[in-house]
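Enquirer: Structure file target18.pdb, PDB, C-alpha atoms, is pasted below:
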ATOM      1  CA  MET A 113       8.226 -12.365 -30.388  1.00  0.00           C
ATOM      2  CA  SER A 114       4.434 -12.421 -30.409  1.00  0.00           C
ATOM      3  CA  ILE A 115       2.293  -9.428 -29.507  1.00  0.00           C
ATOM      4  CA  ALA A 116       1.029 -11.204 -26.367  1.00  0.00           C
ATOM      5  CA  THR A 117       4.589 -11.796 -25.189  1.00  0.00           C
ATOM      6  CA  PHE A 118       5.508  -8.187 -25.897  1.00  0.00           C
ATOM      7  CA  GLY A 119       2.491  -6.947 -23.880  1.00  0.00           C
ATOM      8  CA  PHE A 120       3.445  -9.156 -20.928  1.00  0.00           C
ATOM      9  CA  THR A 121       7.068  -8.011 -21.077  1.00  0.00           C
ATOM     10  CA  THR A 122       6.035  -4.360 -21.099  1.00  0.00           C
ATOM     11  CA  ASN A 123       3.818  -4.806 -18.018  1.00  0.00           C
ATOM     12  CA  ALA A 124       6.457  -6.837 -16.206  1.00  0.00           C
ATOM     13  CA  LEU A 125       9.020  -4.091 -16.740  1.00  0.00           C
ATOM     14  CA  ALA A 126       6.731  -1.182 -15.790  1.00  0.00           C
ATOM     15  CA  GLN A 127       8.310   0.839 -13.008  1.00  0.00           C
ATOM     16  CA  GLN A 128       6.481   1.266  -9.735  1.00  0.00           C
ATOM     17  CA  SER A 129       7.295   3.606  -6.875  1.00  0.00           C
ATOM     18  CA  PHE A 130       6.162   4.223  -3.304  1.00  0.00           C
ATOM     19  CA  THR A 131       7.696   6.995  -1.215  1.00  0.00           C
ATOM     20  CA  ALA A 132       6.537   8.439   2.070  1.00  0.00           C
ATOM     21  CA  THR A 133       7.441  10.626   4.996  1.00  0.00           C
ATOM     22  CA  VAL A 134       6.883   8.629   8.179  1.00  0.00           C
ATOM     23  CA  ASP A 135       7.018  10.613  11.393  1.00  0.00           C
ATOM     24  CA  GLY A 136       9.306  13.156   9.686  1.00  0.00           C
ATOM     25  CA  LYS A 137      11.656  10.571   8.101  1.00  0.00           C
ATOM     26  CA  ALA A 138      11.940   9.553   4.438  1.00  0.00           C
ATOM     27  CA  TRP A 139      10.762   6.029   3.580  1.00  0.00           C
ATOM     28  CA  GLU A 140      10.957   4.285   0.212  1.00  0.00           C
ATOM     29  CA  SER A 141      10.092   1.002  -1.443  1.00  0.00           C
ATOM     30  CA  ASP A 142      11.487  -0.334  -4.701  1.00  0.00           C
ATOM     31  CA  ASN A 143       9.818  -1.663  -7.851  1.00  0.00           C
ATOM     32  CA  ASP A 144       9.721  -5.296  -6.718  1.00  0.00           C
ATOM     33  CA  GLY A 145       8.520  -4.441  -3.203  1.00  0.00           C
ATOM     34  CA  ILE A 146       5.190  -3.050  -4.446  1.00  0.00           C
ATOM     35  CA  ASN A 147       2.042  -5.085  -5.130  1.00  0.00           C
ATOM     36  CA  VAL A 148      -1.189  -3.682  -6.555  1.00  0.00           C
ATOM     37  CA  ILE A 149      -4.149  -6.039  -6.169  1.00  0.00           C
ATOM     38  CA  PRO A 150      -7.586  -5.000  -7.462  1.00  0.00           C
ATOM     39  CA  VAL A 151     -10.399  -7.365  -6.427  1.00  0.00           C
ATOM     40  CA  ALA A 152     -13.748  -7.134  -8.184  1.00  0.00           C
ATOM     41  CA  LEU A 153     -16.603  -8.324  -5.981  1.00  0.00           C
ATOM     42  CA  GLY A 154     -19.434  -9.445  -8.256  1.00  0.00           C
ATOM     43  CA  THR A 155     -21.683  -6.494  -8.993  1.00  0.00           C
ATOM     44  CA  SER A 156     -20.272  -4.318  -6.199  1.00  0.00           C
ATOM     45  CA  ARG A 157     -17.355  -1.942  -6.596  1.00  0.00           C
ATOM     46  CA  GLY A 158     -14.639  -4.168  -5.109  1.00  0.00           C
ATOM     47  CA  THR A 159     -11.380  -3.082  -3.497  1.00  0.00           C
ATOM     48  CA  VAL A 160      -7.794  -2.302  -4.361  1.00  0.00           C
ATOM     49  CA  THR A 161      -4.865  -3.056  -2.083  1.00  0.00           C
ATOM     50  CA  ILE A 162      -1.532  -1.310  -2.568  1.00  0.00           C
ATOM     51  CA  ALA A 163       1.190  -2.945  -0.474  1.00  0.00           C
ATOM     52  CA  ALA A 164       4.842  -1.909  -0.223  1.00  0.00           C
ATOM     53  CA  THR A 165       7.863  -3.092   1.762  1.00  0.00           C
ATOM     54  CA  SER A 166      11.085  -1.245   2.590  1.00  0.00           C
ATOM     55  CA  LYS A 167      13.524  -0.775  -0.274  1.00  0.00           C
ATOM     56  CA  GLY A 168      15.939  -3.668  -0.646  1.00  0.00           C
ATOM     57  CA  PHE A 169      13.829  -6.375   0.990  1.00  0.00           C
ATOM     58  CA  SER A 170      12.449  -7.773  -2.271  1.00  0.00           C
ATOM     59  CA  GLY A 171      15.892  -8.675  -3.678  1.00  0.00           C
ATOM     60  CA  HIS A 172      18.230 -11.523  -2.905  1.00  0.00           C
ATOM     61  CA  PRO A 173      19.935 -11.753  -0.549  1.00  0.00           C
ATOM     62  CA  THR A 174      17.649  -9.724   1.661  1.00  0.00           C
ATOM     63  CA  PRO A 175      19.171  -7.437   4.289  1.00  0.00           C
ATOM     64  CA  LYS A 176      19.281  -8.630   7.894  1.00  0.00           C
ATOM     65  CA  GLY A 177      16.331  -7.592  10.002  1.00  0.00           C
ATOM     66  CA  PHE A 178      12.730  -7.051   9.016  1.00  0.00           C
ATOM     67  CA  PRO A 179      11.186  -4.636   6.511  1.00  0.00           C
ATOM     68  CA  ASP A 180       8.735  -1.885   7.328  1.00  0.00           C
ATOM     69  CA  SER A 181       5.545  -2.216   5.309  1.00  0.00           C
ATOM     70  CA  PHE A 182       2.649  -0.089   4.103  1.00  0.00           C
ATOM     71  CA  SER A 183      -0.826  -1.205   3.132  1.00  0.00           C
ATOM     72  CA  ILE A 184      -3.518   0.962   1.559  1.00  0.00           C
ATOM     73  CA  VAL A 185      -6.946  -0.635   1.072  1.00  0.00           C
ATOM     74  CA  CYS A 186      -9.677   1.371  -0.669  1.00  0.00           C
ATOM     75  CA  PRO A 187     -12.836   0.871  -2.697  1.00  0.00           C
ATOM     76  CA  MET A 188     -11.647   0.258  -6.270  1.00  0.00           C
ATOM     77  CA  PRO A 189     -11.517   3.542  -8.208  1.00  0.00           C
ATOM     78  CA  LYS A 190     -12.598   3.542 -11.860  1.00  0.00           C
ATOM     79  CA  LYS A 191     -11.309   7.100 -12.419  1.00  0.00           C
ATOM     80  CA  ALA A 192      -9.248   9.715 -10.615  1.00  0.00           C
ATOM     81  CA  GLU A 193     -10.925  10.442  -7.268  1.00  0.00           C
ATOM     82  CA  ARG A 194     -10.216  11.361  -3.663  1.00  0.00           C
ATOM     83  CA  MET A 195     -11.331   9.137  -0.776  1.00  0.00           C
ATOM     84  CA  THR A 196     -11.151   9.783   2.955  1.00  0.00           C
ATOM     85  CA  THR A 197     -10.153   7.617   5.904  1.00  0.00           C
ATOM     86  CA  ALA A 198     -13.084   8.912   8.000  1.00  0.00           C
ATOM     87  CA  ARG A 199     -15.523   6.124   8.875  1.00  0.00           C
ATOM     88  CA  ASN A 200     -18.568   8.324   8.280  1.00  0.00           C
ATOM     89  CA  SER A 201     -17.773   8.493   4.542  1.00  0.00           C
ATOM     90  CA  SER A 202     -19.140   6.054   1.957  1.00  0.00           C
ATOM     91  CA  GLU A 203     -15.691   5.859   0.270  1.00  0.00           C
ATOM     92  CA  VAL A 204     -13.475   4.821   3.206  1.00  0.00           C
ATOM     93  CA  CYS A 205      -9.818   3.858   2.815  1.00  0.00           C
ATOM     94  CA  ARG A 206      -7.704   2.129   5.445  1.00  0.00           C
ATOM     95  CA  VAL A 207      -3.977   2.811   5.667  1.00  0.00           C
ATOM     96  CA  SER A 208      -1.560   0.889   7.867  1.00  0.00           C
ATOM     97  CA  PHE A 209       2.179   0.977   8.506  1.00  0.00           C
ATOM     98  CA  THR A 210       4.077  -1.769  10.312  1.00  0.00           C
ATOM     99  CA  LYS A 211       7.594  -1.261  11.691  1.00  0.00           C
ATOM    100  CA  ALA A 212       9.816  -4.335  11.389  1.00  0.00           C
ATOM    101  CA  ALA A 213       7.057  -6.519   9.962  1.00  0.00           C
ATOM    102  CA  ARG A 214       7.553 -10.215  10.641  1.00  0.00           C
ATOM    103  CA  SER A 215       6.376 -12.666   8.016  1.00  0.00           C
ATOM    104  CA  MET A 216       3.579 -14.955   9.138  1.00  0.00           C
ATOM    105  CA  MET A 217       5.616 -17.743   7.514  1.00  0.00           C
ATOM    106  CA  SER A 218       8.582 -17.062   9.821  1.00  0.00           C
ATOM    107  CA  PRO A 219       9.135 -19.644  12.577  1.00  0.00           C
ATOM    108  CA  ASP A 220       9.499 -16.854  15.188  1.00  0.00           C
ATOM    109  CA  TYR A 221       6.269 -15.059  14.191  1.00  0.00           C
ATOM    110  CA  ALA A 222       4.210 -16.228  17.193  1.00  0.00           C
ATOM    111  CA  LYS A 223       6.813 -15.262  19.794  1.00  0.00           C
ATOM    112  CA  THR A 224       8.352 -12.113  18.254  1.00  0.00           C
ATOM    113  CA  LYS A 225       5.911  -9.269  17.711  1.00  0.00           C
ATOM    114  CA  ASN A 226       6.208  -6.466  15.189  1.00  0.00           C
ATOM    115  CA  GLU A 227       7.824  -3.317  16.572  1.00  0.00           C
ATOM    116  CA  GLY A 228       4.762  -1.198  15.877  1.00  0.00           C
ATOM    117  CA  GLU A 229       1.480  -1.556  14.039  1.00  0.00           C
ATOM    118  CA  PHE A 230       0.016   1.810  13.092  1.00  0.00           C
ATOM    119  CA  VAL A 231      -3.438   2.153  11.494  1.00  0.00           C
ATOM    120  CA  THR A 232      -5.957   4.812  10.532  1.00  0.00           C
ATOM    121  CA  LYS A 233      -8.721   5.019  13.102  1.00  0.00           C
ATOM    122  CA  GLY A 234     -11.244   7.036  11.093  1.00  0.00           C
ATOM    123  CA  ASP A 235     -12.371   8.939  14.193  1.00  0.00           C
ATOM    124  CA  ALA A 236     -14.495  12.099  14.134  1.00  0.00           C
ATOM    125  CA  GLY A 237     -12.492  14.945  12.641  1.00  0.00           C
ATOM    126  CA  ASP A 238     -10.228  12.576  10.667  1.00  0.00           C
ATOM    127  CA  LYS A 239      -8.871  14.571   7.727  1.00  0.00           C
ATOM    128  CA  GLY A 240      -6.859  11.704   6.208  1.00  0.00           C
ATOM    129  CA  TYR A 241      -7.211  10.915   2.522  1.00  0.00           C
ATOM    130  CA  VAL A 242      -6.029   8.800  -0.381  1.00  0.00           C
ATOM    131  CA  ASN A 243      -6.152  10.727  -3.655  1.00  0.00           C
ATOM    132  CA  PHE A 244      -6.048   8.596  -6.817  1.00  0.00           C
ATOM    133  CA  THR A 245      -4.630  10.952  -9.451  1.00  0.00           C
ATOM    134  CA  LYS A 246      -4.397   8.442 -12.332  1.00  0.00           C
ATOM    135  CA  VAL A 247      -6.459   5.310 -12.878  1.00  0.00           C
ATOM    136  CA  SER A 248      -5.951   3.889 -16.346  1.00  0.00           C
ATOM    137  CA  GLY A 249      -6.062   0.245 -17.446  1.00  0.00           C
ATOM    138  CA  LYS A 250      -3.733  -1.593 -15.062  1.00  0.00           C
ATOM    139  CA  ASN A 251      -1.922   1.574 -13.876  1.00  0.00           C
ATOM    140  CA  ILE A 252      -2.745   3.499 -10.730  1.00  0.00           C
ATOM    141  CA  GLU A 253      -1.096   6.555  -9.174  1.00  0.00           C
ATOM    142  CA  GLY A 254      -1.882   8.703  -6.211  1.00  0.00           C
ATOM    143  CA  GLU A 255      -0.942  10.393  -2.984  1.00  0.00           C
ATOM    144  CA  PHE A 256      -2.039  10.091   0.620  1.00  0.00           C
ATOM    145  CA  SER A 257      -1.853  11.899   3.930  1.00  0.00           C
ATOM    146  CA  VAL A 258      -3.074  10.293   7.159  1.00  0.00           C
ATOM    147  CA  GLU A 259      -2.659  10.236  10.906  1.00  0.00           C
ATOM    148  CA  LEU A 260      -1.886   6.738  12.161  1.00  0.00           C
ATOM    149  CA  THR A 261      -2.308   5.376  15.677  1.00  0.00           C
ATOM    150  CA  GLU A 262      -0.222   2.549  17.141  1.00  0.00           C
ATOM    151  CA  GLU A 263      -2.452  -0.314  18.276  1.00  0.00           C
ATOM    152  CA  THR A 264      -0.932  -0.885  21.732  1.00  0.00           C
ATOM    153  CA  THR A 265       0.662   2.390  22.864  1.00  0.00           C
ATOM    154  CA  LYS A 266      -1.858   4.711  21.128  1.00  0.00           C
ATOM    155  CA  LYS A 267       1.100   6.806  19.862  1.00  0.00           C
ATOM    156  CA  LYS A 268       0.096   8.944  16.880  1.00  0.00           C
ATOM    157  CA  MET A 269       2.186   9.848  13.838  1.00  0.00           C
ATOM    158  CA  THR A 270       1.578  11.664  10.586  1.00  0.00           C
ATOM    159  CA  VAL A 271       2.348   9.925   7.304  1.00  0.00           C
ATOM    160  CA  SER A 272       2.175  11.244   3.751  1.00  0.00           C
ATOM    161  CA  GLY A 273       3.409   9.907   0.453  1.00  0.00           C
ATOM    162  CA  LYS A 274       2.995   9.063  -3.216  1.00  0.00           C
ATOM    163  CA  PHE A 275       2.629   5.810  -5.110  1.00  0.00           C
ATOM    164  CA  SER A 276       2.623   4.569  -8.668  1.00  0.00           C
ATOM    165  CA  GLY A 277       1.803   0.929  -9.318  1.00  0.00           C
ATOM    166  CA  VAL A 278       0.769  -1.646 -11.881  1.00  0.00           C
ATOM    167  CA  ASP A 279      -1.697  -4.512 -11.505  1.00  0.00           C
ATOM    168  CA  GLN A 280       0.471  -7.462 -12.580  1.00  0.00           C
ATOM    169  CA  GLN A 281      -2.043 -10.238 -11.905  1.00  0.00           C
ATOM    170  CA  VAL A 282      -2.456 -12.619 -14.821  1.00  0.00           C
ATOM    171  CA  GLY A 283      -5.970 -12.427 -16.216  1.00  0.00           C
ATOM    172  CA  SER A 284      -6.907  -9.259 -14.329  1.00  0.00           C
ATOM    173  CA  LYS A 285      -8.838  -6.594 -16.240  1.00  0.00           C
ATOM    174  CA  GLY A 286      -7.317  -3.789 -14.169  1.00  0.00           C
ATOM    175  CA  PHE A 287      -9.332  -0.772 -13.087  1.00  0.00           C
ATOM    176  CA  ASN A 288     -11.505   0.375 -15.989  1.00  0.00           C
TER     177      ASN A 288
END
So, in terms of structure tokens, how does the structure I just supplied come out?

Expert:
Amino acid sequence: MSIATFGFTTNALAQQSFTATVDGKAWESDNDGINVIPVALGTSRGTVTIAATSKGFSGHPTPKGFPDSFSIVCPMPKKAERMTTARNSSEVCRVSFTKAARSMMSPDYAKTKNEGEFVTKGDAGDKGYVNFTKVSGKNIEGEFSVELTEETTKKKMTVSGKFSGVDQQVGSKGFN
């Protein structure tokens, strides 16, 4: 086994986690349901997206129904740092949670809507945050706490959680 193969195997087997409390209820993803995607944008800072789907939906066969999904999009951190979801900040993160998320590839996508699409609004007084506690190579860890608002009904709910992920993109340089 070559060193390059060993390095790839180690990254591929790295464990990821994403847990949250959504409106007072426990929510969890599994290792294969988490994607960490850093995107460098030329000379600017770039972004990182951390996406997670409900536990069990990344295996085969998938359960009946549709997974819930989280998405956290922030400026790409180079070190441990805390960012807010308030729009008046220079380091703004956006967090969203979708109940029963339909795949855009599904034939019923156009006629069957998601059960709820909750997003951070970043309004005045927004105290939401994403706190990156570890940013090292291709590994990223953190915690978040936000208030989300449903797009149509304007219902609000509080969400908090923790994540640990690995950038598994081939050729990516990671975070620092």

Enquirer: One number please: CA of Ala212 (chain A) to CA of Lys176 (chain A), in Å, one decimal.

Expert: 11.0 Å

Enquirer: One decimal, in Å: what's the spacing between CA of Ser129 (chain A) and CA of Gln281 (chain A)?

Expert: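 Spanning CA of Ser129 (chain A) to CA of Gln281 (chain A) is a straight-line distance of 17.4 Å.
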
Enquirer: Looking at all atoms listed in the file, which of A:Thr133, A:Arg157, A:Val278, A:Glu262 is the one that sits closest to Ser202 (chain A)?

Expert: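 Ranking A:Thr133, A:Arg157, A:Val278, A:Glu262 by distance to Ser202 (chain A), first place goes to A:Arg157.
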
Enquirer: Dig up all the protein and nucleic acid residues within 9 Å of (-0.3, 12.8, -10.5) in the file frame, using only C-alpha atoms, and format them as a list in words.

Expert: Phe244, Thr245, Lys246, Glu253, Gly254, Glu255, Lys274 and Ser276 of chain A

Enquirer: Between A:Gln280, A:Ala213, A:Lys250, A:Met188, which one has atoms that come closest to Val151 (chain A), using all atoms listed in the file?

Expert: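 Between A:Gln280, A:Ala213, A:Lys250, A:Met188, the residue approaching Val151 (chain A) most closely is A:Met188.
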
Enquirer: Which residue out of A:Gly277, A:Thr270, A:Pro187, A:Asn288 has the minimum interatomic distance to Val134 (chain A) when all atoms listed in the file are used?

Expert: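 Using all atoms listed in the file, the shortest distance to Val134 (chain A) belongs to A:Thr270.
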
Enquirer: Can you turn the PyMOL selection byres ((chain A and resi 145) around 9) into a concrete residue list for this file, as a list in words?

Expert: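 Here the PyMOL selection byres ((chain A and resi 145) around 9) matches Gln128, Ser129, Phe130, Ser141, Asp142, Asn143, Asp144, Ile146, Asn147, Ala163, Ala164, Thr165, Ser166, Lys167, Gly168, Phe169, Ser170 and Gly171 of chain A.
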
Enquirer: Can you write out the residues you just picked, keeping C-alpha atoms, as a PDB file, in the frame of the given file?

Expert:
ATOM      1  CA  GLN A 128       6.481   1.266  -9.735  1.00  0.00           C
ATOM      2  CA  SER A 129       7.295   3.606  -6.875  1.00  0.00           C
ATOM      3  CA  PHE A 130       6.162   4.223  -3.304  1.00  0.00           C
ATOM      4  CA  SER A 141      10.092   1.002  -1.443  1.00  0.00           C
ATOM      5  CA  ASP A 142      11.487  -0.334  -4.701  1.00  0.00           C
ATOM      6  CA  ASN A 143       9.818  -1.663  -7.851  1.00  0.00           C
ATOM      7  CA  ASP A 144       9.721  -5.296  -6.718  1.00  0.00           C
ATOM      8  CA  ILE A 146       5.190  -3.050  -4.446  1.00  0.00           C
ATOM      9  CA  ASN A 147       2.042  -5.085  -5.130  1.00  0.00           C
ATOM     10  CA  ALA A 163       1.190  -2.945  -0.474  1.00  0.00           C
ATOM     11  CA  ALA A 164       4.842  -1.909  -0.223  1.00  0.00           C
ATOM     12  CA  THR A 165       7.863  -3.092   1.762  1.00  0.00           C
ATOM     13  CA  SER A 166      11.085  -1.245   2.590  1.00  0.00           C
ATOM     14  CA  LYS A 167      13.524  -0.775  -0.274  1.00  0.00           C
ATOM     15  CA  GLY A 168      15.939  -3.668  -0.646  1.00  0.00           C
ATOM     16  CA  PHE A 169      13.829  -6.375   0.990  1.00  0.00           C
ATOM     17  CA  SER A 170      12.449  -7.773  -2.271  1.00  0.00           C
ATOM     18  CA  GLY A 171      15.892  -8.675  -3.678  1.00  0.00           C
TER      19      GLY A 171
END

Enquirer: With a distance cut-off of 6 Å and all atoms listed in the file, select the neighbouring residues of region 181-184 of chain A, excluding the residue or stretch itself and same-chain residues fewer than 3 positions from it, and output the selection as a list in words.

Expert: Thr161, Ile162, Ala163, Ala164, Thr165, Arg206, Val207, Ser208, Phe209 and Thr210 of chain A

Enquirer: So how many Å separate CA of Lys267 (chain A) and CA of Asp135 (chain A), to one decimal?

Expert: 11.0 Å

Enquirer: Run through the PyMOL selection byres ((chain A and resi 237) around 12) on the given coordinates and return the selected residues as a ChimeraX atom specification.

Expert: /A:196-201,233-236,238-240,258-259

Enquirer: Can you pull out the residues contacting Ser284 (chain A)? Cut-off 12 Å, using all atoms listed in the file, and skip same-chain residues under 5 positions away; I want them as a ChimeraX atom specification.

Expert: /A:148-152,249-251,278-279

Enquirer: Taking all atoms of region 138-144 of chain A that the file lists and extending 8 Å past them on each side, where is the centre of the axis-aligned box and how long are its edges? Answer in Å to one decimal, as AutoDock Vina command-line options.

Expert:
--center_x 10.8 --center_y 2.1 --center_z -1.7 --size_x 18.2 --size_y 30.8 --size_z 28.3

Enquirer: Taking all atoms listed in the file into account, which of A:Thr264, A:Ser272, A:Ser156, A:Gln127 comes nearest Asn243 (chain A)?

Expert: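 Nearest candidate to Asn243 (chain A) out of A:Thr264, A:Ser272, A:Ser156, A:Gln127: A:Ser272.
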